[in-house]
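Visitor: To be precise about what I am sending: the file is called coords_15.pdb and holds PDB, C-alpha atoms, pLDDT in the B column.
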```pdb
ATOM      1  CA  MET A   1       0.000   0.000   0.000  1.00 53.00           C
ATOM      2  CA  VAL A   2       1.416   3.348  -1.019  1.00 60.00           C
ATOM      3  CA  LEU A   3       0.956   5.988   1.650  1.00 67.00           C
ATOM      4  CA  LEU A   4       2.885   8.755  -0.020  1.00 73.00           C
ATOM      5  CA  THR A   5       3.363   9.567  -3.671  1.00 78.00           C
ATOM      6  CA  LEU A   6       4.964  12.602  -5.184  1.00 82.00           C
ATOM      7  CA  THR A   7       4.471  14.140  -8.569  1.00 85.00           C
ATOM      8  CA  ALA A   8       7.349  14.138 -10.997  1.00 85.00           C
ATOM      9  CA  LYS A   9       7.912  17.854 -10.494  1.00 89.00           C
ATOM     10  CA  ALA A  10       7.913  17.571  -6.688  1.00 89.00           C
ATOM     11  CA  SER A  11      10.349  14.667  -6.699  1.00 90.00           C
ATOM     12  CA  ASP A  12      12.612  16.573  -9.088  1.00 91.00           C
ATOM     13  CA  ARG A  13      12.581  19.581  -6.728  1.00 93.00           C
ATOM     14  CA  ILE A  14      13.392  17.410  -3.718  1.00 92.00           C
ATOM     15  CA  ALA A  15      16.249  15.778  -5.617  1.00 93.00           C
ATOM     16  CA  GLU A  16      17.564  19.193  -6.695  1.00 94.00           C
ATOM     17  CA  VAL A  17      17.617  20.355  -3.075  1.00 95.00           C
ATOM     18  CA  GLY A  18      19.425  17.147  -2.124  1.00 95.00           C
ATOM     19  CA  PHE A  19      22.077  17.676  -4.776  1.00 96.00           C
ATOM     20  CA  LEU A  20      22.437  21.328  -3.763  1.00 96.00           C
ATOM     21  CA  LEU A  21      23.078  20.222  -0.174  1.00 95.00           C
ATOM     22  CA  ILE A  22      25.828  17.910  -1.445  1.00 96.00           C
ATOM     23  CA  VAL A  23      27.496  20.851  -3.200  1.00 96.00           C
ATOM     24  CA  ILE A  24      27.202  23.034  -0.092  1.00 95.00           C
ATOM     25  CA  ALA A  25      28.630  20.250   2.079  1.00 95.00           C
ATOM     26  CA  GLY A  26      31.593  19.891  -0.266  1.00 95.00           C
ATOM     27  CA  ILE A  27      32.314  23.595  -0.089  1.00 94.00           C
ATOM     28  CA  TRP A  28      32.025  23.517   3.730  1.00 92.00           C
ATOM     29  CA  LEU A  29      34.511  20.619   3.875  1.00 92.00           C
ATOM     30  CA  VAL A  30      37.005  22.529   1.749  1.00 94.00           C
ATOM     31  CA  VAL A  31      36.609  25.648   3.885  1.00 90.00           C
ATOM     32  CA  ALA A  32      37.012  23.572   7.053  1.00 88.00           C
ATOM     33  CA  GLU A  33      40.491  22.524   5.920  1.00 90.00           C
ATOM     34  CA  ILE A  34      41.788  26.091   5.558  1.00 88.00           C
ATOM     35  CA  PRO A  35      44.048  26.501   8.578  1.00 86.00           C
ATOM     36  CA  ALA A  36      43.637  30.285   8.851  1.00 86.00           C
ATOM     37  CA  LEU A  37      39.904  29.994   9.519  1.00 82.00           C
ATOM     38  CA  ARG A  38      38.581  28.962  12.897  1.00 86.00           C
ATOM     39  CA  LEU A  39      35.762  26.587  13.792  1.00 87.00           C
ATOM     40  CA  SER A  40      36.903  23.786  11.488  1.00 87.00           C
ATOM     41  CA  LYS A  41      35.283  21.132  13.689  1.00 89.00           C
ATOM     42  CA  ALA A  42      31.925  22.905  13.569  1.00 90.00           C
ATOM     43  CA  ARG A  43      32.196  23.235   9.789  1.00 90.00           C
ATOM     44  CA  ARG A  44      32.797  19.505   9.445  1.00 92.00           C
ATOM     45  CA  ILE A  45      29.738  18.842  11.608  1.00 93.00           C
ATOM     46  CA  VAL A  46      27.603  21.142   9.436  1.00 92.00           C
ATOM     47  CA  ALA A  47      28.893  19.398   6.308  1.00 93.00           C
ATOM     48  CA  GLY A  48      28.044  16.006   7.792  1.00 94.00           C
ATOM     49  CA  VAL A  49      24.520  17.102   8.656  1.00 95.00           C
ATOM     50  CA  ALA A  50      24.077  18.511   5.146  1.00 95.00           C
ATOM     51  CA  LEU A  51      25.230  15.230   3.608  1.00 96.00           C
ATOM     52  CA  ALA A  52      22.874  13.237   5.827  1.00 97.00           C
ATOM     53  CA  ALA A  53      19.941  15.514   4.966  1.00 96.00           C
ATOM     54  CA  SER A  54      20.710  15.282   1.262  1.00 96.00           C
ATOM     55  CA  GLY A  55      20.774  11.499   1.498  1.00 95.00           C
ATOM     56  CA  VAL A  56      17.353  11.471   3.131  1.00 95.00           C
ATOM     57  CA  LEU A  57      15.951  13.825   0.479  1.00 94.00           C
ATOM     58  CA  LEU A  58      17.343  11.699  -2.348  1.00 93.00           C
ATOM     59  CA  VAL A  59      15.885   8.532  -0.812  1.00 93.00           C
ATOM     60  CA  ILE A  60      12.490  10.241  -0.566  1.00 91.00           C
ATOM     61  CA  ALA A  61      12.715  11.457  -4.169  1.00 90.00           C
ATOM     62  CA  THR A  62      13.616   8.039  -5.545  1.00 89.00           C
ATOM     63  CA  ASN A  63      11.366   5.826  -3.425  1.00 88.00           C
ATOM     64  CA  TRP A  64       8.164   7.855  -3.229  1.00 84.00           C
ATOM     65  CA  GLY A  65       8.582  10.092  -6.226  1.00 83.00           C
ATOM     66  CA  GLN A  66       9.177   9.633  -9.908  1.00 80.00           C
ATOM     67  CA  PHE A  67      12.820  10.645  -9.866  1.00 77.00           C
ATOM     68  CA  GLY A  68      15.467   8.479 -11.453  1.00 70.00           C
TER      69      GLY A  68
END
```
Could I get this file's structure written as structure tokens?

Guide:
Amino acid sequence: MVLLTLTAKASDRIAEVGFLLIVIAGIWLVVAEIPALRLSKARRIVAGVALAASGVLLVIATNWGQFG
């Protein structure tokens, strides 16, 4: 039984947000490795949370949407 279905446009939007979060997380990881900037540990945590959120969004887009 399907409890949740998404339209093709909605699943595409969710996937786009997921991919955007991956790009942002990559930039945050690069910035975290610059020694002149402080808070590198916090930046790595933010990047990890962004990657986890993007994974959840991509799973939602592929399982309950029409993405992929």

Visitor: Kindly provide, as number ranges by chain, the polymer residues lying within 12 Å of (27.3, 23.0, 0.5), counting all atoms listed in the file and using the coordinates exactly as they appear in the file.

Guide: A: 17-32, 43-44, 46-54

Visitor: Would you compute the distance between CA of Val56 in chain A and CA of Leu4 in chain A? Give it in Å to one decimal.

Guide: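 If I compute the distance from CA of Val56 in chain A to CA of Leu4 in chain A, I get 15.1 Å.
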
Visitor: In Å, rounded to a single decimal, give me how far CA of Val59 in chain A is from CA of Ser11 in chain A.

Guide: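 Taking CA of Ser11 in chain A as the start and CA of Val59 in chain A as the end point, the length is 10.1 Å.
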
Visitor: So the first atom is CA of Ile14 in chain A and the second is CA of Ala42 in chain A; what is the distance between them in Å, to one decimal place?

Guide: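 Between CA of Ile14 in chain A and CA of Ala42 in chain A the gap works out to 25.9 Å.
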
Visitor: Excluding Ala8 in chain A and residues on its chain fewer than 3 positions from it, collect all residues at most 8 Å away from it, counting only C-alpha atoms, and give them as a PyMOL selection string.

Guide: chain A and resi 11-12+65-67

Visitor: From the structure block, carefully write range 44-56 of chain A out with N, CA and C atoms; format it as a CSV table (one decimal), in the first residue's frame.

Guide:
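selection_9.csv was written with the following content:
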```
chain,number,residue,atom,x,y,z
A,44,ARG,N,32.9,20.9,9.8
A,44,ARG,CA,32.8,19.5,9.4
A,44,ARG,C,31.5,18.9,9.9
A,45,ILE,N,31.0,19.3,11.1
A,45,ILE,CA,29.7,18.8,11.6
A,45,ILE,C,28.6,19.3,10.7
A,46,VAL,N,28.6,20.6,10.3
A,46,VAL,CA,27.6,21.1,9.4
A,46,VAL,C,27.6,20.4,8.1
A,47,ALA,N,28.8,20.1,7.6
A,47,ALA,CA,28.9,19.4,6.3
A,47,ALA,C,28.3,18.0,6.5
A,48,GLY,N,28.6,17.3,7.6
A,48,GLY,CA,28.0,16.0,7.8
A,48,GLY,C,26.5,16.0,7.9
A,49,VAL,N,26.0,17.0,8.6
A,49,VAL,CA,24.5,17.1,8.7
A,49,VAL,C,23.9,17.4,7.3
A,50,ALA,N,24.6,18.2,6.5
A,50,ALA,CA,24.1,18.5,5.1
A,50,ALA,C,24.1,17.3,4.3
A,51,LEU,N,25.2,16.5,4.4
A,51,LEU,CA,25.2,15.2,3.6
A,51,LEU,C,24.2,14.2,4.0
A,52,ALA,N,23.9,14.1,5.3
A,52,ALA,CA,22.9,13.2,5.8
A,52,ALA,C,21.5,13.7,5.4
A,53,ALA,N,21.2,15.0,5.4
A,53,ALA,CA,19.9,15.5,5.0
A,53,ALA,C,19.8,15.3,3.5
A,54,SER,N,20.8,15.5,2.7
A,54,SER,CA,20.7,15.3,1.3
A,54,SER,C,20.4,13.8,0.9
A,55,GLY,N,21.0,12.9,1.7
A,55,GLY,CA,20.8,11.5,1.5
A,55,GLY,C,19.3,11.2,1.8
A,56,VAL,N,18.8,11.7,2.8
A,56,VAL,CA,17.4,11.5,3.1
A,56,VAL,C,16.5,12.0,2.0
```
